[in-house]
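Everything below concerns the one structure shown next.
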Protein chains: 4
Amino acid sequence: MGVTRTDGVLQSAPKKDSGRAHRDARPEGTCIQVGRVEIGGPGFVVMAGPCAVEDAEQTERTAAAVAAAGAHVLRGGVFKPRTSPYSFQGLGEPGLHVLTEAGKRHGLPLISEVMDASQIPLMEESTDILQVGARNMQNYTLLRALGKVRKPVLLKRGLAATIEEWLLAAEYLLEGGNEQVMLCERGIRTFETAMRNTLDLAAVAYVKQRSHLPVIVDPSHATGDPRLVLPMSLAAAAAGADGLLVEVHPWPERALCDGRQALTPEGFQDLMRRLPAVLAAMDRHLSQPERPAQLLGVR
Amino acid sequence: MGVTRTDGVLQSAPKKDSGRAHRDARPEGTCIQVGRVEIGGPGFVVMAGPCAVEDAEQTERTAAAVAAAGAHVLRGGVFKPRTSPYSFQGLGEPGLHVLTEAGKRHGLPLISEVMDASQIPLMEESTDILQVGARNMQNYTLLRALGKVRKPVLLKRGLAATIEEWLLAAEYLLEGGNEQVMLCERGIRTFETAMRNTLDLAAVAYVKQRSHLPVIVDPSHATGDPRLVLPMSLAAAAAGADGLLVEVHPWPERALCDGRQALTPEGFQDLMRRLPAVLAAMDRHLSQPERPAQLLGVR
Amino acid sequence: MGVTRTDGVLQSAPKKDSGRAHRDARPEGTCIQVGRVEIGGPGFVVMAGPCAVEDAEQTERTAAAVAAAGAHVLRGGVFKPRTSPYSFQGLGEPGLHVLTEAGKRHGLPLISEVMDASQIPLMEESTDILQVGARNMQNYTLLRALGKVRKPVLLKRGLAATIEEWLLAAEYLLEGGNEQVMLCERGIRTFETAMRNTLDLAAVAYVKQRSHLPVIVDPSHATGDPRLVLPMSLAAAAAGADGLLVEVHPWPERALCDGRQALTPEGFQDLMRRLPAVLAAMDRHLSQPERPAQLLGVR
Amino acid sequence: MGVTRTDGVLQSAPKKDSGRAHRDARPEGTCIQVGRVEIGGPGFVVMAGPCAVEDAEQTERTAAAVAAAGAHVLRGGVFKPRTSPYSFQGLGEPGLHVLTEAGKRHGLPLISEVMDASQIPLMEESTDILQVGARNMQNYTLLRALGKVRKPVLLKRGLAATIEEWLLAAEYLLEGGNEQVMLCERGIRTFETAMRNTLDLAAVAYVKQRSHLPVIVDPSHATGDPRLVLPMSLAAAAAGADGLLVEVHPWPERALCDGRQALTPEGFQDLMRRLPAVLAAMDRHLSQPERPAQLLGVR
């Protein structure tokens, strides 16, 4: 990285507000290909699964349910950043094996969080989208390392990050050479305590105008309340989001992590039934991955 | 007001979380009739007009444009609460005359802000919905006085009010005897500065579940940016709002108040063309007031 | 009020950032005389008393205690703005009589909140400082009416008001002709829930530099925790505040309003013993009102 | 790490609110020895220096100035987390050499930020206190690695971290075995834009009561304004802080990083002259490191 010692500023720095994430840098918008799914195009993408991979049965049941309902990507955390060191920290590498098996079985590409540069080789090999969590949005060592990776990255907005800071965090990835960057709005921290966070859907519309990057919405972390996930998912589609990242758990009340906010498989089915009409109103549609025939038979 | 001196608490106080605004108090929801328009029913209602009534021409042009595009109610401020004493404070009573004339000419009922109990008699006589602004959400003298009024009241959420406080402010109106209360989400104050405020659409979904009162969304004050008014209006409809309160100005750049955020008549037309599809996806529709034939002819 | 219709802006408007509240308008600072006490000079002023006047015994006990400990002004609410209509709303006019009697008995001038312009005549006659609560900081009708009053006004910062907005609210009072304005920082609303509000002491230092108005700090509402009132009072003195507004209650656990945050008389005595050393470090001192001899005998 | 798979919770987890950071775990408070300086005892500690090490001359001038004025620890960033990838990112290892030379020359122990676990070996060898920046407060990989280090760690509060989350981040360090943890309040993010952040001094008083860990205040990042650093430093001392972390730069206007907020050497001298009186009022004093005689001669 070419730091110029005379003024301490990178020679390659683009002009203010004309960074690599800016709409002007790619007016047609960025499309990211994940397996047969395109993210950022006219098709709307739904990534669903448990907050954390807990065991083979929970993962298999969730994967089967979200695949059957039409999800495009399977989510599941194996490395979990937790506020308390005494909370469940994720299964780690064994969990990743559970997740990849479930993904293969149901023909779903995978998204999972990478907390640290040291986890990148493992995650890069096994998953299809690497997720940067809200707490790590300004972990610049991690961002620089992910700038060198040739896999798509989903960058969650920090819980008190301005849109400007979020786009500059994306700039670390783009500047490093990784152009497959998607943003994820997951609620910001405000004074309101009725919901877990405050979902900032205007940020979605704003970023879609200012940047060429796809924007995904996570209504589960944003609200922390399964009763709000459906209306916020529909609102996200109407606001112009390119997809959703939704938590689903077969037994939310038994979940080891954030279960309170997960949809049941039935709730998720309901969401998938309701989405197409709102998307049609926006001249969009649910992305239609051509699943291999044998997989379709399984369901 | 029957304060009981022994414990200082009103004898008539309902039990916690079972106040008059609570969904349980009227599970079927509250519908408010304004002229031929019903607010809170399946029909979605659009209130539109200038932030402030400036003169007869501006008001007439706006009223004509919003009526032609299908708005149901004409908005326009004549008493304007302004942060600085040196800013335009509204035309006052002469402005009200301008507004009522425009409303009559185009068959539109009126909504306008009342800043103080002393303005109630005048506003009650001339307008159809009395608006309580965000800065006055906890002006309890005003709320008590409006509890005695027999006209609908639109209660804006304070810019740092929790949902709990907002519902308790509505409780002042309901406890006073006025059952025609609608709530209005208009953005809350957060750390984000890219938009004027942060539109809290999850609060709309949350309040619709917890309370029986209709909820209106003001995307103009919430974002302060006309480019965000369309997507946020569609998102509000998808989130379950019962209507919109939108600023429209024939010449936004010349507006005396908050012009930067107003839609042009063309922008408003575009919004009205886009709304029905999203509403249909929600099993709703734009409210269809039967306008008197002679008025329809005028347009 | 001379609105100029051509541009809608008051002719008398001062240039930006050179308003009547600006330090440049009175570089030597504003001093306000209340009885024998000077607010805004080198003497530091302590206003203390119950959140709400509840009855004669509670008020008398508190007044006796704070007078004995060296307070300069007696506070006590008789009109109480409350979030819920079902909470204790204050004793109203009978409470004012209780308060004035206690003030006279102990030689203490009075500060009490005025919620509405209609209460001004009563409060102006009976009290020495009229308080505008945080919820009313942008109640412009009230501010305009208080601009015509010839009694000092204490203007609390709104719970989500920027410093800019707070100074512009003061501008309403100054522009109306009332120069006896003091500001009161009482904590702002943030994401933090461990304390009731977040005391913004940097705002005190900032305002003291930018404006000539005296600044008072209310550590009771700011923290909602009596264990934090002492350290925050000392910190306020070190930050350059001109005085304190502190809640004291003889039996905090029985208080009808905000008792949880009140100091006991013993806690208040302790505060008054600790303040002088910090003030001396700032080249200031506790204000020394010359009490009439017969009153001193009473204690 | 012993995750128990049955319930997913560490076996060694202490009971709720009785974690290792809780006051009950060490009622007498934690004292941390850094060279001849004790942090957390009656002596108040001042850490000062440039935001970023830029070159040898700037570092030497600053070190000489802060040593002469009585600072106890030299601060200086060599790895700089920056919002934009195009901003100056710090000199890295060569900068560390510049910093250690300056520290040795003036007999000052060093504090510097570690952004990533990979930097720990280098920083552990060369510096005396390892700083975790606000952006990394929940970088759990880094916290776990620092839990294994035998050097003191200063843990800055995240810019939107609750006190609860901050203490739980400290718990990661303590649980890992590192007991030399000090906390640093550096302002939180709120709606207010007049200052860079909102300094939460009540959090200092609150944490001192709830935890046994020393608390340092950074008035430079908290306010972003050198005119507010003096009053906020004095207020921090009055609020019960154990020390300060202050930015000083010989030519603030030329600084490559956050210069706008740095004190000049003269401003810092003024601060050091004003602190003792406020500390005396709190029954404390500036820590008095016994400097080696030959170093004292240098000044």
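Numbering starts fresh at 1 for the residues of each chain in the structure tokens, the chains themselves are lettered A, B, ... in the order given, and ligands are numbered from 1 as they appear.
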**Study point:** Backbone-only DSSP, alpha helix (DSSP H) members of segment 78-279 of chain D, as a count of residues only
**Key:** 86
Contact check, chain B to chain A, at most 10 Å, counting only C-alpha atoms, closest pairs as JSON lines:
{"residue": "B:Ala160", "atom": "CA", "partner": "A:Phe191", "partner_atom": "CA", "distance": 7.4}
{"residue": "B:Ala161", "atom": "CA", "partner": "A:Glu192", "partner_atom": "CA", "distance": 7.9}
{"residue": "B:Thr162", "atom": "CA", "partner": "A:Glu192", "partner_atom": "CA", "distance": 5.4}
{"residue": "B:Ile163", "atom": "CA", "partner": "A:Ala194", "partner_atom": "CA", "distance": 7.1}
{"residue": "B:Glu164", "atom": "CA", "partner": "A:Ala194", "partner_atom": "CA", "distance": 7.9}
{"residue": "B:Ile188", "atom": "CA", "partner": "A:Thr190", "partner_atom": "CA", "distance": 8.9}
{"residue": "B:Arg189", "atom": "CA", "partner": "A:Thr190", "partner_atom": "CA", "distance": 8.3}
{"residue": "B:Thr190", "atom": "CA", "partner": "A:Thr190", "partner_atom": "CA", "distance": 6.0}
{"residue": "B:Phe191", "atom": "CA", "partner": "A:Ala160", "partner_atom": "CA", "distance": 7.4}
{"residue": "B:Glu192", "atom": "CA", "partner": "A:Thr162", "partner_atom": "CA", "distance": 5.4}
{"residue": "B:Thr193", "atom": "CA", "partner": "A:Thr162", "partner_atom": "CA", "distance": 7.5}
{"residue": "B:Ala194", "atom": "CA", "partner": "A:Ile163", "partner_atom": "CA", "distance": 7.1}
{"residue": "B:Met195", "atom": "CA", "partner": "A:Ala202", "partner_atom": "CA", "distance": 8.0}
{"residue": "B:Asn197", "atom": "CA", "partner": "A:Ala202", "partner_atom": "CA", "distance": 9.5}
{"residue": "B:Thr198", "atom": "CA", "partner": "A:Asp200", "partner_atom": "CA", "distance": 6.4}
{"residue": "B:Leu199", "atom": "CA", "partner": "A:Asp200", "partner_atom": "CA", "distance": 6.7}
{"residue": "B:Asp200", "atom": "CA", "partner": "A:Thr198", "partner_atom": "CA", "distance": 6.5}
{"residue": "B:Leu201", "atom": "CA", "partner": "A:Leu199", "partner_atom": "CA", "distance": 7.4}
{"residue": "B:Ala202", "atom": "CA", "partner": "A:Met232", "partner_atom": "CA", "distance": 6.4}
{"residue": "B:Ala203", "atom": "CA", "partner": "A:Met195", "partner_atom": "CA", "distance": 8.2}
{"residue": "B:Val204", "atom": "CA", "partner": "A:Pro231", "partner_atom": "CA", "distance": 9.4}
{"residue": "B:Ala205", "atom": "CA", "partner": "A:Leu228", "partner_atom": "CA", "distance": 6.5}
{"residue": "B:Tyr206", "atom": "CA", "partner": "A:Leu228", "partner_atom": "CA", "distance": 6.8}
{"residue": "B:Gln209", "atom": "CA", "partner": "A:Arg227", "partner_atom": "CA", "distance": 8.8}
{"residue": "B:Pro219", "atom": "CA", "partner": "A:Ala202", "partner_atom": "CA", "distance": 9.4}
{"residue": "B:Ala222", "atom": "CA", "partner": "A:Ala202", "partner_atom": "CA", "distance": 8.9}
{"residue": "B:Thr223", "atom": "CA", "partner": "A:Ala202", "partner_atom": "CA", "distance": 7.3}
{"residue": "B:Asp225", "atom": "CA", "partner": "A:Tyr206", "partner_atom": "CA", "distance": 9.5}
{"residue": "B:Arg227", "atom": "CA", "partner": "A:Tyr206", "partner_atom": "CA", "distance": 8.3}
{"residue": "B:Leu228", "atom": "CA", "partner": "A:Ala205", "partner_atom": "CA", "distance": 6.5}
{"residue": "B:Val229", "atom": "CA", "partner": "A:Ala202", "partner_atom": "CA", "distance": 9.0}
{"residue": "B:Leu230", "atom": "CA", "partner": "A:Ala239", "partner_atom": "CA", "distance": 8.6}
{"residue": "B:Pro231", "atom": "CA", "partner": "A:Ala239", "partner_atom": "CA", "distance": 4.8}
{"residue": "B:Met232", "atom": "CA", "partner": "A:Ala239", "partner_atom": "CA", "distance": 6.0}
{"residue": "B:Ser233", "atom": "CA", "partner": "A:Ala239", "partner_atom": "CA", "distance": 8.4}
{"residue": "B:Leu234", "atom": "CA", "partner": "A:Ala238", "partner_atom": "CA", "distance": 5.6}
{"residue": "B:Ala235", "atom": "CA", "partner": "A:Ala235", "partner_atom": "CA", "distance": 4.3}
{"residue": "B:Ala236", "atom": "CA", "partner": "A:Ala235", "partner_atom": "CA", "distance": 6.6}
{"residue": "B:Ala237", "atom": "CA", "partner": "A:Ala235", "partner_atom": "CA", "distance": 7.6}
{"residue": "B:Ala238", "atom": "CA", "partner": "A:Ala235", "partner_atom": "CA", "distance": 4.8}
{"residue": "B:Ala239", "atom": "CA", "partner": "A:Pro231", "partner_atom": "CA", "distance": 4.8}
{"residue": "B:Gly240", "atom": "CA", "partner": "A:Pro231", "partner_atom": "CA", "distance": 7.0}
{"residue": "B:Arg274", "atom": "CA", "partner": "A:Ala281", "partner_atom": "CA", "distance": 7.8}
{"residue": "B:Leu275", "atom": "CA", "partner": "A:Ala281", "partner_atom": "CA", "distance": 8.5}
{"residue": "B:Pro276", "atom": "CA", "partner": "A:Ala281", "partner_atom": "CA", "distance": 8.4}
{"residue": "B:Ala277", "atom": "CA", "partner": "A:Ala281", "partner_atom": "CA", "distance": 4.9}
{"residue": "B:Val278", "atom": "CA", "partner": "A:Ala281", "partner_atom": "CA", "distance": 5.3}
{"residue": "B:Leu279", "atom": "CA", "partner": "A:Val278", "partner_atom": "CA", "distance": 8.4}
{"residue": "B:Ala280", "atom": "CA", "partner": "A:Ala277", "partner_atom": "CA", "distance": 8.0}
{"residue": "B:Ala281", "atom": "CA", "partner": "A:Ala277", "partner_atom": "CA", "distance": 4.9}
{"residue": "B:Met282", "atom": "CA", "partner": "A:Val278", "partner_atom": "CA", "distance": 7.7}
{"residue": "B:Asp283", "atom": "CA", "partner": "A:Ala277", "partner_atom": "CA", "distance": 9.9}
